[in-house]
file final01.csv (CSV, C-alpha atoms)
chain,number,residue,atom,x,y,z
A,1,MET,CA,-80.5,-6.1,0.8
A,2,ARG,CA,-79.8,-5.0,-2.8
A,3,ASN,CA,-77.7,-8.1,-3.6
A,4,LYS,CA,-80.4,-10.4,-2.3
A,5,LEU,CA,-83.1,-8.7,-4.4
A,6,LEU,CA,-80.9,-9.0,-7.5
A,7,LEU,CA,-80.3,-12.7,-6.8
A,8,LEU,CA,-84.0,-13.3,-6.5
A,9,LEU,CA,-84.6,-11.6,-9.8
A,10,LEU,CA,-81.9,-13.7,-11.6
A,11,LEU,CA,-83.3,-16.9,-10.2
A,12,ALA,CA,-86.8,-16.1,-11.4
A,13,ILE,CA,-85.5,-15.4,-14.9
A,14,VAL,CA,-83.2,-18.4,-15.2
A,15,SER,CA,-85.9,-20.8,-14.0
A,16,ASN,CA,-87.9,-20.0,-17.1
A,17,LEU,CA,-85.3,-19.7,-19.8
A,18,PHE,CA,-85.4,-23.3,-20.9
A,19,ALA,CA,-89.2,-23.5,-21.5
A,20,GLN,CA,-90.2,-24.7,-25.0
A,21,ALA,CA,-92.6,-21.9,-26.1
A,22,PRO,CA,-92.8,-18.9,-28.4
A,23,VAL,CA,-90.4,-16.1,-27.4
A,24,THR,CA,-90.9,-12.5,-28.2
A,25,GLY,CA,-89.2,-9.1,-27.9
A,26,ARG,CA,-91.6,-6.2,-27.2
A,27,PHE,CA,-91.7,-2.5,-26.3
A,28,TRP,CA,-94.4,-1.3,-23.9
A,29,THR,CA,-95.0,2.3,-22.8
A,30,TYR,CA,-97.4,4.3,-20.6
A,31,GLY,CA,-98.0,8.0,-20.4
A,32,ASN,CA,-99.4,8.7,-16.9
A,33,LEU,CA,-101.1,12.1,-16.2
A,34,THR,CA,-102.4,12.5,-12.7
A,35,THR,CA,-104.2,15.6,-11.5
A,36,VAL,CA,-104.4,16.2,-7.7
A,37,VAL,CA,-107.9,17.7,-7.1
A,38,HIS,CA,-108.1,17.3,-3.3
A,39,SER,CA,-105.9,16.4,-0.4
A,40,HIS,CA,-107.1,12.8,-0.7
A,41,TRP,CA,-108.3,12.7,-4.3
A,42,ALA,CA,-106.7,12.6,-7.7
A,43,TYR,CA,-107.7,11.7,-11.2
A,44,THR,CA,-105.5,9.7,-13.6
A,45,ILE,CA,-105.5,9.3,-17.4
A,46,MET,CA,-103.0,6.7,-18.7
A,47,PRO,CA,-102.8,5.7,-22.3
A,48,GLY,CA,-100.5,2.9,-23.4
A,49,ILE,CA,-99.2,1.0,-26.4
A,50,ARG,CA,-97.3,-2.3,-27.0
A,51,TYR,CA,-95.2,-3.2,-30.0
A,52,GLU,CA,-93.7,-6.5,-30.8
A,53,PHE,CA,-90.4,-6.3,-32.8
A,54,ALA,CA,-89.1,-9.8,-32.6
A,55,ARG,CA,-90.7,-13.3,-32.5
A,56,ASP,CA,-89.2,-16.8,-32.4
A,57,ASP,CA,-92.2,-19.0,-33.1
A,58,ASN,CA,-91.8,-21.5,-35.9
A,59,GLY,CA,-91.2,-18.8,-38.6
A,60,ASN,CA,-94.2,-16.6,-37.5
A,61,ASP,CA,-93.6,-12.9,-38.0
A,62,ALA,CA,-93.5,-10.3,-35.2
A,63,LYS,CA,-96.9,-8.7,-34.6
A,64,SER,CA,-95.7,-5.0,-34.7
A,65,VAL,CA,-98.4,-2.9,-32.9
A,66,TYR,CA,-100.7,-5.4,-31.1
A,67,PHE,CA,-102.2,-3.7,-28.1
A,68,TYR,CA,-103.7,-0.3,-27.3
A,69,GLU,CA,-104.6,0.6,-23.7
A,70,LEU,CA,-106.4,3.4,-21.9
A,71,LEU,CA,-106.9,3.5,-18.1
A,72,THR,CA,-108.7,6.4,-16.5
A,73,GLY,CA,-110.5,7.2,-13.2
A,74,PRO,CA,-110.3,8.6,-9.7
A,75,VAL,CA,-107.7,7.7,-7.0
A,76,TYR,CA,-108.3,8.0,-3.3
A,77,THR,CA,-105.1,8.3,-1.1
A,78,PHE,CA,-104.2,8.7,2.5
A,79,ASN,CA,-101.1,8.2,4.7
A,80,ILE,CA,-100.6,6.9,8.3
A,81,ARG,CA,-97.1,7.6,9.4
A,82,ASN,CA,-94.8,5.6,7.1
A,83,ILE,CA,-97.6,3.7,5.4
A,84,ALA,CA,-99.3,5.1,2.2
A,85,PHE,CA,-102.7,3.8,0.9
A,86,LYS,CA,-104.1,4.2,-2.6
A,87,LEU,CA,-107.4,3.1,-4.0
A,88,PRO,CA,-107.8,3.7,-7.7
A,89,LEU,CA,-111.0,2.8,-9.5
A,90,TRP,CA,-110.4,2.9,-13.2
A,91,TYR,CA,-112.1,2.1,-16.5
A,92,TYR,CA,-109.8,0.1,-18.7
A,93,TYR,CA,-110.1,0.0,-22.5
A,94,MET,CA,-108.1,-2.8,-24.2
A,95,GLY,CA,-107.7,-2.8,-28.0
A,96,PHE,CA,-106.2,-5.6,-30.0
A,97,PRO,CA,-105.3,-5.0,-33.7
A,98,VAL,CA,-104.5,-8.2,-35.6
A,99,SER,CA,-101.3,-7.9,-37.6
A,100,GLY,CA,-101.7,-8.3,-41.3
A,101,THR,CA,-105.4,-8.0,-41.3
A,102,GLU,CA,-108.2,-5.4,-40.8
A,103,ASP,CA,-109.5,-7.3,-37.7
A,104,TYR,CA,-109.6,-5.3,-34.5
A,105,TYR,CA,-110.9,-6.6,-31.1
A,106,TYR,CA,-111.5,-4.7,-27.9
A,107,SER,CA,-112.8,-5.1,-24.4
A,108,HIS,CA,-114.3,-3.0,-21.6
A,109,ASN,CA,-113.0,-3.6,-18.1
A,110,ILE,CA,-113.2,-2.1,-14.6
A,111,GLU,CA,-110.1,-2.1,-12.4
A,112,LEU,CA,-110.0,-1.8,-8.6
A,113,LEU,CA,-106.4,-1.4,-7.4
A,114,PRO,CA,-105.9,-1.3,-3.6
A,115,THR,CA,-102.3,-0.4,-2.9
A,116,VAL,CA,-100.3,-0.3,0.3
A,117,SER,CA,-96.7,1.1,0.5
A,118,TYR,CA,-94.6,0.7,3.6
A,119,ARG,CA,-91.4,2.7,4.0
A,120,PHE,CA,-88.8,0.6,5.8
A,121,ASP,CA,-85.9,3.0,5.5
A,122,PRO,CA,-84.4,3.2,3.0
A,123,VAL,CA,-86.5,0.6,1.1
A,124,ILE,CA,-90.2,1.1,0.1
A,125,ILE,CA,-92.2,-2.2,-0.1
A,126,THR,CA,-95.4,-2.0,-2.1
A,127,SER,CA,-98.3,-4.4,-2.4
A,128,ARG,CA,-100.7,-3.8,-5.2
A,129,THR,CA,-103.7,-6.0,-5.9
A,130,ILE,CA,-105.6,-5.5,-9.2
A,131,PHE,CA,-109.1,-6.8,-9.4
A,132,HIS,CA,-109.5,-6.9,-13.2
A,133,ASN,CA,-113.2,-7.1,-14.1
A,134,THR,CA,-114.1,-7.8,-17.7
A,135,VAL,CA,-117.7,-7.0,-18.7
A,136,TYR,CA,-117.5,-6.9,-22.6
A,137,ALA,CA,-115.2,-8.5,-25.2
A,138,SER,CA,-115.7,-8.2,-28.9
A,139,VAL,CA,-113.6,-11.2,-29.8
A,140,TYR,CA,-116.7,-13.5,-29.6
A,141,ASP,CA,-118.9,-14.1,-32.7
A,142,ASP,CA,-122.1,-14.5,-30.7
A,143,ASP,CA,-123.4,-11.2,-29.3
A,144,ALA,CA,-124.7,-13.0,-26.2
A,145,ASP,CA,-121.1,-14.1,-25.4
A,146,LYS,CA,-119.7,-10.6,-25.7
A,147,CYS,CA,-121.3,-9.3,-22.6
A,148,GLY,CA,-120.6,-11.2,-19.4
A,149,TYR,CA,-118.4,-11.2,-16.4
A,150,GLY,CA,-114.9,-12.5,-15.6
A,151,LEU,CA,-112.4,-11.6,-12.8
A,152,VAL,CA,-108.7,-11.8,-13.0
A,153,LEU,CA,-106.6,-11.1,-9.9
A,154,ARG,CA,-103.0,-9.7,-10.2
A,155,GLN,CA,-100.8,-9.4,-7.1
A,156,LEU,CA,-97.7,-7.2,-7.5
A,157,VAL,CA,-95.0,-7.0,-4.8
A,158,ARG,CA,-92.5,-4.3,-5.5
A,159,PHE,CA,-89.3,-3.1,-3.8
A,160,ASP,CA,-88.0,0.5,-4.4
A,161,VAL,CA,-84.4,0.9,-3.3
A,162,PRO,CA,-82.8,4.4,-3.5
A,163,MET,CA,-79.3,4.4,-5.1
A,164,ARG,CA,-78.5,8.1,-5.4
A,165,LYS,CA,-80.5,11.4,-5.4
A,166,GLY,CA,-83.4,11.1,-7.8
A,167,ILE,CA,-82.6,7.5,-8.9
A,168,GLY,CA,-83.8,4.3,-7.4
A,169,LEU,CA,-83.8,0.6,-8.2
A,170,VAL,CA,-87.2,-1.1,-8.8
A,171,ILE,CA,-87.7,-4.8,-8.5
A,172,GLY,CA,-91.0,-6.6,-8.5
A,173,GLU,CA,-93.0,-9.7,-9.3
A,174,GLU,CA,-96.7,-10.0,-10.4
A,175,PRO,CA,-98.6,-13.3,-10.9
A,176,PHE,CA,-102.0,-13.4,-12.6
A,177,PHE,CA,-104.8,-15.7,-11.5
A,178,GLY,CA,-108.2,-16.3,-13.2
A,179,ILE,CA,-110.7,-16.2,-10.3
A,180,ILE,CA,-114.2,-16.0,-11.9
A,181,GLU,CA,-114.7,-17.6,-15.3
A,182,ASP,CA,-117.7,-16.5,-17.5
A,183,LYS,CA,-120.1,-19.4,-17.7
A,184,GLU,CA,-121.4,-18.5,-21.2
A,185,ALA,CA,-118.3,-17.6,-23.2
A,186,VAL,CA,-115.4,-19.9,-24.2
A,187,PRO,CA,-112.2,-18.7,-22.4
A,188,HIS,CA,-110.1,-16.5,-24.6
A,189,ALA,CA,-106.9,-14.5,-24.0
A,190,LEU,CA,-108.6,-11.4,-25.5
A,191,GLY,CA,-111.8,-11.9,-23.6
A,192,PHE,CA,-112.8,-13.8,-20.5
A,193,TRP,CA,-110.0,-15.8,-19.0
A,194,GLU,CA,-110.0,-19.3,-17.5
A,195,LYS,CA,-109.6,-20.0,-13.8
A,196,GLY,CA,-106.1,-20.7,-12.4
A,197,PHE,CA,-102.6,-19.4,-12.6
A,198,ARG,CA,-102.2,-17.9,-16.1
A,199,MET,CA,-99.2,-15.5,-16.2
A,200,ASN,CA,-96.3,-14.1,-14.2
A,201,ARG,CA,-94.2,-10.9,-14.7
A,202,VAL,CA,-90.8,-10.1,-13.2
A,203,TYR,CA,-89.8,-6.4,-13.2
A,204,ALA,CA,-86.4,-4.8,-12.9
A,205,GLY,CA,-85.4,-1.2,-13.7
A,206,LEU,CA,-85.1,2.3,-12.4
A,207,ALA,CA,-87.3,5.1,-11.1
A,208,ILE,CA,-85.9,8.4,-12.1
A,209,THR,CA,-87.1,11.8,-10.8
A,210,VAL,CA,-86.5,14.3,-13.7
A,211,ALA,CA,-88.3,17.2,-12.0
A,212,ARG,CA,-90.6,17.8,-9.1
A,213,SER,CA,-93.7,16.6,-11.1
A,214,LEU,CA,-92.0,14.5,-13.8
A,215,SER,CA,-90.6,11.0,-13.5
A,216,LEU,CA,-89.4,8.2,-15.8
A,217,SER,CA,-89.3,4.5,-15.1
A,218,PRO,CA,-87.4,2.4,-17.6
A,219,GLN,CA,-87.7,-1.3,-16.8
A,220,TYR,CA,-87.1,-4.8,-18.2
A,221,VAL,CA,-90.0,-7.1,-17.8
A,222,PHE,CA,-89.8,-10.9,-18.1
A,223,GLU,CA,-93.2,-12.4,-18.7
A,224,THR,CA,-94.3,-16.0,-18.9
A,225,SER,CA,-97.8,-17.3,-19.7
A,226,TYR,CA,-99.2,-20.7,-18.7
A,227,GLY,CA,-101.7,-23.2,-20.0
A,228,THR,CA,-104.3,-25.2,-17.9
A,229,ASP,CA,-101.7,-27.9,-17.4
A,230,GLY,CA,-99.2,-25.5,-15.9
A,231,ALA,CA,-96.9,-25.7,-19.0
A,232,VAL,CA,-95.3,-22.4,-20.3
A,233,THR,CA,-97.1,-21.3,-23.4
A,234,GLY,CA,-95.1,-18.1,-24.1
A,235,THR,CA,-92.2,-16.1,-23.0
A,236,ASN,CA,-92.0,-12.3,-23.6
A,237,HIS,CA,-89.2,-9.9,-23.0
A,238,TYR,CA,-90.3,-6.2,-22.7
A,239,PHE,CA,-88.5,-2.9,-22.6
A,240,PHE,CA,-91.1,-1.1,-20.4
A,241,LEU,CA,-91.1,2.7,-20.1
A,242,THR,CA,-93.5,4.8,-18.0
A,243,ILE,CA,-93.5,8.6,-18.2
A,244,ALA,CA,-95.5,10.1,-15.4
A,245,TYR,CA,-96.5,13.7,-14.8
A,246,THR,CA,-98.4,15.0,-11.7
A,247,LEU,CA,-100.4,18.2,-12.0
A,248,LYS,CA,-101.3,19.7,-8.6
A,249,THR,CA,-104.3,22.1,-8.7
A,250,LEU,CA,-104.3,22.7,-4.9
A,251,LYS,CA,-102.7,25.8,-3.5
call {"tool": "encode", "arguments": {"input": "final01.csv", "output": "structure tokens"}}
result
Amino acid sequence: MRNKLLLLLLLAIVSNLFAQAPVTGRFWTYGNLTTVVHSHWAYTIMPGIRYEFARDDNGNDAKSVYFYELLTGPVYTFNIRNIAFKLPLWYYYMGFPVSGTEDYYYSHNIELLPTVSYRFDPVIITSRTIFHNTVYASVYDDDADKCGYGLVLRQLVRFDVPMRKGIGLVIGEEPFFGIIEDKEAVPHALGFWEKGFRMNRVYAGLAITVARSLSLSPQYVFETSYGTDGAVTGTNHYFFLTIAYTLKTLK
């Protein structure tokens, strides 16, 4: 099972290596604080930041800090035997500083993330669908275009494979699709997206339990973006680190 998952990951990466598009090296991190307030309810605060340290794009410089994030909201959970269900409903703030200028754009979004995990010993298979609803984007000049509605769907399939006590292998893939396009605003990467297949991410790394409530997940992420004609418009290589702490208030 492990060898097959590693082979699938390798094929997904190699298939995109020869695309003629800008290539970047980036660092991406989240700090995830979750407070359990009820047997079925929790609340999450998750700030994040992304930093671009390398860029191969006709002499253009790396962007340095280019993205701030904040996700926060309630999470409803329940289990049925070896199946776990989660339903987060989060507010998502996205901030975009423009390198070398004083410009700063941001957007307000609502995330619905139905998630199902199935334990097929020893592997855990997870399906997470994100309904990314954008309702405001400051990147537009016209105030009438800033408020609107756009929907992007992200479908993650992830495999967690235990390797030794407290350490597991994580492999996943997540395509992005524009579903509903705002009729008033011109499509923009920092605002309302166009319809169609727009991005894909492949994840590979570790899930490490440091203590009962503390975990780390260092991963490599291979990301490709696509234009309306299906051609690759960008390739990004991330070192992705999530630091998660769960605070249980229940006795």
call {"tool": "residues_around", "arguments": {"input": "final01.csv", "residues": "Tyr149 in chain A", "least_positions_apart": "3", "cutoff": "9 Å", "atoms": "only C-alpha atoms", "output": "PDB file with C-alpha atoms, in the frame of the given file"}}
result
ATOM      1  CA  ASN A 133    -113.200  -7.100 -14.100  1.00  0.00           C
ATOM      2  CA  THR A 134    -114.100  -7.800 -17.700  1.00  0.00           C
ATOM      3  CA  VAL A 135    -117.700  -7.000 -18.700  1.00  0.00           C
ATOM      4  CA  TYR A 136    -117.500  -6.900 -22.600  1.00  0.00           C
ATOM      5  CA  ILE A 180    -114.200 -16.000 -11.900  1.00  0.00           C
ATOM      6  CA  GLU A 181    -114.700 -17.600 -15.300  1.00  0.00           C
ATOM      7  CA  ASP A 182    -117.700 -16.500 -17.500  1.00  0.00           C
ATOM      8  CA  LYS A 183    -120.100 -19.400 -17.700  1.00  0.00           C
ATOM      9  CA  PHE A 192    -112.800 -13.800 -20.500  1.00  0.00           C
TER      10      PHE A 192
END
call {"tool": "residues_around", "arguments": {"input": "final01.csv", "residues": "range 118-121 of chain A", "least_positions_apart": "6", "cutoff": "12 Å", "atoms": "only C-alpha atoms", "output": "mmCIF file with C-alpha atoms, keeping the file's coordinate frame"}}
result
data_model
loop_
_atom_site.group_PDB
_atom_site.id
_atom_site.type_symbol
_atom_site.label_atom_id
_atom_site.label_comp_id
_atom_site.auth_asym_id
_atom_site.auth_seq_id
_atom_site.Cartn_x
_atom_site.Cartn_y
_atom_site.Cartn_z
ATOM 1 C CA MET A 1 -80.500 -6.100 0.800
ATOM 2 C CA ASN A 79 -101.100 8.200 4.700
ATOM 3 C CA ILE A 80 -100.600 6.900 8.300
ATOM 4 C CA ARG A 81 -97.100 7.600 9.400
ATOM 5 C CA ASN A 82 -94.800 5.600 7.100
ATOM 6 C CA ILE A 83 -97.600 3.700 5.400
ATOM 7 C CA ALA A 84 -99.300 5.100 2.200
ATOM 8 C CA PHE A 85 -102.700 3.800 0.900
ATOM 9 C CA LYS A 86 -104.100 4.200 -2.600
ATOM 10 C CA SER A 127 -98.300 -4.400 -2.400
ATOM 11 C CA ARG A 128 -100.700 -3.800 -5.200
ATOM 12 C CA VAL A 157 -95.000 -7.000 -4.800
ATOM 13 C CA ARG A 158 -92.500 -4.300 -5.500
ATOM 14 C CA PHE A 159 -89.300 -3.100 -3.800
ATOM 15 C CA ASP A 160 -88.000 0.500 -4.400
ATOM 16 C CA VAL A 161 -84.400 0.900 -3.300
ATOM 17 C CA PRO A 162 -82.800 4.400 -3.500
#
call {"tool": "closest_residue", "arguments": {"input": "final01.csv", "among": "A:Leu113, A:Val152, A:Ile167, A:Ala42", "to": "Arg198 in chain A", "atoms": "all atoms listed in the file"}}
result
A:Val152
call {"tool": "residues_around", "arguments": {"input": "final01.csv", "residues": "Tyr92 in chain A", "least_positions_apart": "6", "cutoff": "7 Å", "atoms": "all atoms listed in the file", "output": "number ranges by chain"}}
result
A: 70-72, 108-111
call {"tool": "residues_around", "arguments": {"input": "final01.csv", "residues": "range 170-178 of chain A", "least_positions_apart": "3", "cutoff": "7 Å", "atoms": "all atoms listed in the file", "output": "list in words"}}
result
Leu151, Val152, Leu153, Arg154, Gln155, Leu156, Val157, Arg158, Phe159, Asp160, Val161, Glu181, Trp193, Glu194, Lys195, Gly196, Phe197, Arg198, Met199, Asn200, Arg201, Val202, Tyr203, Ala204, Gly205, Leu206 and Ala207 of chain A
call {"tool": "closest_atom_pairs", "arguments": {"input": "final01.csv", "of": "range 60-154 of chain A", "to": "range 50-54 of chain A", "cutoff": "9 Å", "atoms": "all atoms listed in the file", "output": "CSV"}}
result
residue,atom,partner,partner_atom,distance
A:Asp61,CA,A:Ala54,CA,7.7
A:Ala62,CA,A:Ala54,CA,5.1
A:Lys63,CA,A:Glu52,CA,5.4
A:Ser64,CA,A:Glu52,CA,4.6
A:Val65,CA,A:Tyr51,CA,4.3
A:Tyr66,CA,A:Tyr51,CA,6.0
A:Phe67,CA,A:Arg50,CA,5.2
A:Tyr68,CA,A:Arg50,CA,6.7
A:Glu69,CA,A:Arg50,CA,8.5
call {"tool": "atom_distance", "arguments": {"input": "final01.csv", "atom1": "CA of Thr24 in chain A", "atom2": "CA of Tyr104 in chain A"}}
result
21.0 Å
call {"tool": "closest_residue", "arguments": {"input": "final01.csv", "among": "A:Gly168, A:Ser107, A:Trp90, A:Ile125", "to": "Tyr140 in chain A", "atoms": "only C-alpha atoms"}}
result
A:Ser107
call {"tool": "residues_around", "arguments": {"input": "final01.csv", "residues": "range 230-240 of chain A", "least_positions_apart": "5", "cutoff": "9 Å", "atoms": "all atoms listed in the file", "output": "ChimeraX atom specification"}}
result
/A:16-17,19-30,52,197-199,205,217-225
call {"tool": "atom_distance", "arguments": {"input": "final01.csv", "atom1": "CA of Ile49 in chain A", "atom2": "CA of Thr242 in chain A"}}
result
10.8 Å
call {"tool": "atom_distance", "arguments": {"input": "final01.csv", "atom1": "CA of Ser117 in chain A", "atom2": "CA of Pro47 in chain A"}}
result
24.0 Å
call {"tool": "closest_residue", "arguments": {"input": "final01.csv", "among": "A:Gly100, A:Pro187, A:Pro114, A:Pro122", "to": "Val139 in chain A", "atoms": "all atoms listed in the file"}}
result
A:Pro187
call {"tool": "closest_residue", "arguments": {"input": "final01.csv", "among": "A:Tyr226, A:Tyr76, A:Trp41, A:Tyr105", "to": "Asp141 in chain A", "atoms": "all atoms listed in the file"}}
result
A:Tyr105
